[in-house]
Amino acid sequence: MNNLVYCGLKNYLSALNNSEFWHSIEITLVFSVIVVAFHVTIGLMLALVVNRRFVGRTFIRAAFFIPVIMSTVVVGEIWRFMYSNPDGLFNKMLGLFGIAAQPWIQSEKHALVAMIIVTVWRYVGYHMVIYLAALQDIPVDLYENAELAGANAWYKFRCITLPLLSNTTWFLIIISIINTSQVFDQIYVMTQGGPFNSTNVIVYYIYNQAFRLYNLGYASAVAWLMFVIIFALTVLQLRFSRKDQLA
Amino acid sequence: MSGQEGLRVKISKKLNPVNLIFSFVFITLGVVMIVPALWMVSTSFKSEGQIWANPIVWIPKPFTMVNFQNVFSTIPIFRYLLNSLIVAVSITVLQLFFSSLAAYGFARIRFKGSTVLFSLFLGTMMIPQNILIIPLYRIMVAMHLLNTYFSLILPNMVTAFSIFLLRQFFYGIPKELDEAAVLDGCNRIRILFRIIMPLSLPVLSALTIFIFMNSWNDFMWPLISISSDSMRTMQVGLAYFSQGNTTFWGPYMGAATIATIPILIVFLVAQKKFIQGIAMSGIKG
């Protein structure tokens, strides 16, 4: 490390010319976009339901939040165990619905899907809680007026709830993209980027280059490229959600 | 009288058939959400034969402690817990302390360049932690601090996020209180610790939970900076323990259960605060 040589843009160019780098970017994007879509839609649906009064509400809030507080390493270990083929709990549960056992994290085709399932399960409670807070801020008289005017439930949802939640939705989409595009812990614990690079997301790729192969310069270049993308997203977030950020 | 009636209406509203169906469906969903956690605890008490039993065994019989004995005899798990506790508590205390000082400065003291400085602090929030890990590693190598508590604590002693959150809150506290305190002969430090901080308990407790949980669950940086077994935090120790080629799921789940207990206790005791805290401060990916 003592004989440092200035090498210009060499590391950046070799990253941009490296198909493995582009592959990482691609699966990170696929992972992020799918996870975020599920987070936001399921989170909203849950919040709408939990927002009404019924027996067991407190339990549900807690139950959906337990995955959020558990560490990713623990979560990763549990799911690695549950994804065992063919006798893991997840496959047995699918068996109840007549779905055949899948190899999940052992197969190139299923591993990313398996990761998506874990992440959706894990953070959906967080999205529910944020939506709940936003729902409770919507003035009740808006709904009362709409009812007086004869609006049905769907109309109320589409013309009152959804527009008034749009700030929150943007906030969640962007924060969720920022967080999920940096997924690392669960990849490390469950698949180590494999099988055949099918879960080699960008942060894992950086880690591997930097701390397993000791290409610190190259890894830094990749990290900067990633930073540019995340920075753009953060700027977007600030534009859309100045109010929500202050909670 | 009317209060009682209101309560009765409330209860009967809660118990109407539609809501009961709701309750049923959603309690089932809630149970599905915690199945992985239950499975972990259940497996940790099972003998090897029951783990893969068909049909699924939910409540192990008999309860066996073999897995925990195995954990205690193969890894220094209490050492891991202690390491995690030392690191998480230090980070929480130090971060609250230093962030409060800085937040007070930004909220109350007008000095040349304070706005620029604050914007710079805010700017660092936009840089994801993972990107800083390579330079951080180089710095720790140069300072000969790798594989010490310091390497885990120092980088987290203060964060722009805590400063930002606290500053927003301090800002909302009326300045007249400060002025009255000055008349009574308080200096700035006393004002901060005797007046501002006690009034900021809601945000401080939310932040405490957030910082503690993130430090307890942190993985990537401890993984990189710690190299000896006795310095590993709980999460890193757990990951190494279960990365062997053979899969002893009983002991792995036992260790995972032990690693989860501290945070779970805090959660169950202070559930409402916990959820509020995380809703207020967000999550780390």
# chains A, B, ... in the order shown; residues from 1 in each chain; ligands from 1
call {"tool": "interface_residues", "arguments": {"of": "chain A", "to": "chain B", "cutoff": "8 Å", "atoms": "only C-alpha atoms", "output": "PyMOL selection string"}}
result
chain A and resi 53-57+59-60+62-67+69-74+77-79+81-82+87-88+121+126+129-130+176+178-180+182-185+189+203+210-211+216+220+223-224+227+230-231+234+246-247
call {"tool": "residues_around", "arguments": {"residues": "segment 192-205 of chain B", "least_positions_apart": "6", "cutoff": "10 Å", "atoms": "only C-alpha atoms", "output": "MDAnalysis selection string"}}
result
chainID B and resid 96:97 100:101 104:105 162 165:166 168:174 177:178 181 186 211 273:274 276:277 280:281
call {"tool": "select_by_dssp", "arguments": {"residues": "segment 25-259 of chain B", "states": "alpha helix (DSSP H)", "output": "number ranges by chain"}}
result
B: 25-44, 48-51, 66-74, 77-108, 114-124, 129-142, 149-153, 160-171, 175-183, 188-190, 197-199, 201-217, 220-225, 234-241, 249-259
call {"tool": "atom_distance", "arguments": {"atom1": "atom CA of Gly123 of chain B", "atom2": "atom CA of Ile177 of chain A"}}
result
18.8 Å
call {"tool": "residues_around", "arguments": {"residues": "segment 109-116 of chain A", "least_positions_apart": "5", "cutoff": "12 Å", "atoms": "only C-alpha atoms", "output": "VMD selection string"}}
result
chain A and resid 24 26 to 39 72 75 to 76 79 to 80 82 to 84 90 to 91 101 to 104 121 to 124 180 to 181 183 to 201
call {"tool": "write_last_selection", "arguments": {"atoms": "C-alpha atoms", "output": "PDB file, in the first residue's frame"}}
result
ATOM      1  CA  SER A  24     -24.360  -6.398 -10.381  1.00  0.00           C
ATOM      2  CA  GLU A  26     -28.685  -4.940 -13.137  1.00  0.00           C
ATOM      3  CA  ILE A  27     -29.624  -7.419 -10.419  1.00  0.00           C
ATOM      4  CA  THR A  28     -29.452  -4.717  -7.758  1.00  0.00           C
ATOM      5  CA  LEU A  29     -31.940  -2.687  -9.773  1.00  0.00           C
ATOM      6  CA  VAL A  30     -34.230  -5.644 -10.383  1.00  0.00           C
ATOM      7  CA  PHE A  31     -34.082  -6.537  -6.702  1.00  0.00           C
ATOM      8  CA  SER A  32     -34.755  -2.961  -5.561  1.00  0.00           C
ATOM      9  CA  VAL A  33     -37.579  -2.163  -7.905  1.00  0.00           C
ATOM     10  CA  ILE A  34     -39.500  -5.356  -7.207  1.00  0.00           C
ATOM     11  CA  VAL A  35     -39.020  -5.169  -3.451  1.00  0.00           C
ATOM     12  CA  VAL A  36     -40.066  -1.517  -3.336  1.00  0.00           C
ATOM     13  CA  ALA A  37     -43.189  -2.157  -5.404  1.00  0.00           C
ATOM     14  CA  PHE A  38     -44.276  -4.850  -2.949  1.00  0.00           C
ATOM     15  CA  HIS A  39     -43.344  -2.786   0.102  1.00  0.00           C
ATOM     16  CA  THR A  72     -30.257  -9.257   9.296  1.00  0.00           C
ATOM     17  CA  VAL A  75     -33.062 -13.238   9.671  1.00  0.00           C
ATOM     18  CA  GLY A  76     -30.659 -14.568   7.044  1.00  0.00           C
ATOM     19  CA  TRP A  79     -34.450 -18.116   6.069  1.00  0.00           C
ATOM     20  CA  ARG A  80     -31.423 -20.079   4.923  1.00  0.00           C
ATOM     21  CA  MET A  82     -36.358 -22.380   5.959  1.00  0.00           C
ATOM     22  CA  TYR A  83     -35.262 -22.461   2.313  1.00  0.00           C
ATOM     23  CA  SER A  84     -33.663 -25.907   2.741  1.00  0.00           C
ATOM     24  CA  PHE A  90     -40.885 -22.832   3.363  1.00  0.00           C
ATOM     25  CA  ASN A  91     -41.107 -25.723   0.931  1.00  0.00           C
ATOM     26  CA  ALA A 101     -40.451 -27.933  -3.531  1.00  0.00           C
ATOM     27  CA  GLN A 102     -38.016 -25.466  -5.106  1.00  0.00           C
ATOM     28  CA  PRO A 103     -34.245 -25.287  -4.588  1.00  0.00           C
ATOM     29  CA  TRP A 104     -34.485 -21.532  -3.737  1.00  0.00           C
ATOM     30  CA  TRP A 121     -41.352  -9.908   4.499  1.00  0.00           C
ATOM     31  CA  ARG A 122     -38.838  -8.116   6.634  1.00  0.00           C
ATOM     32  CA  TYR A 123     -39.653  -4.451   6.033  1.00  0.00           C
ATOM     33  CA  VAL A 124     -43.318  -4.484   5.112  1.00  0.00           C
ATOM     34  CA  THR A 180     -32.544  -2.007  -0.712  1.00  0.00           C
ATOM     35  CA  SER A 181     -29.959  -1.032  -3.314  1.00  0.00           C
ATOM     36  CA  VAL A 183     -28.438  -4.821   0.579  1.00  0.00           C
ATOM     37  CA  PHE A 184     -25.426  -6.719   1.897  1.00  0.00           C
ATOM     38  CA  ASP A 185     -25.850  -8.561   5.207  1.00  0.00           C
ATOM     39  CA  GLN A 186     -28.427 -11.062   4.061  1.00  0.00           C
ATOM     40  CA  ILE A 187     -26.559 -11.773   0.824  1.00  0.00           C
ATOM     41  CA  TYR A 188     -23.391 -12.418   2.796  1.00  0.00           C
ATOM     42  CA  VAL A 189     -25.156 -14.759   5.192  1.00  0.00           C
ATOM     43  CA  MET A 190     -27.398 -16.589   2.734  1.00  0.00           C
ATOM     44  CA  THR A 191     -25.757 -16.870  -0.680  1.00  0.00           C
ATOM     45  CA  GLN A 192     -22.358 -15.130  -0.715  1.00  0.00           C
ATOM     46  CA  GLY A 193     -23.373 -13.623  -4.035  1.00  0.00           C
ATOM     47  CA  GLY A 194     -24.001 -17.008  -5.628  1.00  0.00           C
ATOM     48  CA  PRO A 195     -25.009 -19.320  -7.097  1.00  0.00           C
ATOM     49  CA  PHE A 196     -23.149 -18.252 -10.250  1.00  0.00           C
ATOM     50  CA  ASN A 197     -23.252 -14.554  -9.287  1.00  0.00           C
ATOM     51  CA  SER A 198     -27.046 -14.584  -9.396  1.00  0.00           C
ATOM     52  CA  THR A 199     -27.241 -12.566  -6.147  1.00  0.00           C
ATOM     53  CA  ASN A 200     -23.989 -10.639  -6.508  1.00  0.00           C
ATOM     54  CA  VAL A 201     -25.531  -7.238  -5.728  1.00  0.00           C
TER      55      VAL A 201
END
call {"tool": "atom_distance", "arguments": {"atom1": "atom CA of Trp170 of chain A", "atom2": "atom CA of Val120 of chain A"}}
result
17.6 Å
call {"tool": "residues_around", "arguments": {"residues": "segment 136-139 of chain A", "least_positions_apart": "3", "cutoff": "9 Å", "atoms": "only C-alpha atoms", "output": "PyMOL selection string"}}
result
chain A and resi 51+131-133+142-143+160-161+164-165
call {"tool": "write_last_selection", "arguments": {"atoms": "C-alpha atoms", "output": "short mmCIF file (atom, residue, chain, number, x, y, z; two decimals), in the first residue's frame"}}
result
data_model
loop_
_atom_site.label_atom_id
_atom_site.label_comp_id
_atom_site.auth_asym_id
_atom_site.auth_seq_id
_atom_site.Cartn_x
_atom_site.Cartn_y
_atom_site.Cartn_z
CA ASN A 51 -56.35 1.79 10.64
CA TYR A 131 -48.51 4.79 6.19
CA LEU A 132 -50.57 4.44 9.37
CA ALA A 133 -49.11 7.65 10.75
CA LEU A 142 -62.84 15.33 4.27
CA TYR A 143 -64.36 11.85 4.35
CA ILE A 160 -58.90 11.61 -0.91
CA THR A 161 -56.66 8.95 0.59
CA LEU A 164 -53.03 12.91 0.42
CA LEU A 165 -50.65 10.01 0.85
#
call {"tool": "atom_distance", "arguments": {"atom1": "atom CA of Leu16 of chain A", "atom2": "atom CA of Thr124 of chain B"}}
result
26.0 Å
call {"tool": "closest_residue", "arguments": {"among": "B:Gly113, B:Gly185, B:Pro222, B:Pro251", "to": "Ile153 of chain B", "atoms": "only C-alpha atoms"}}
result
B:Pro222
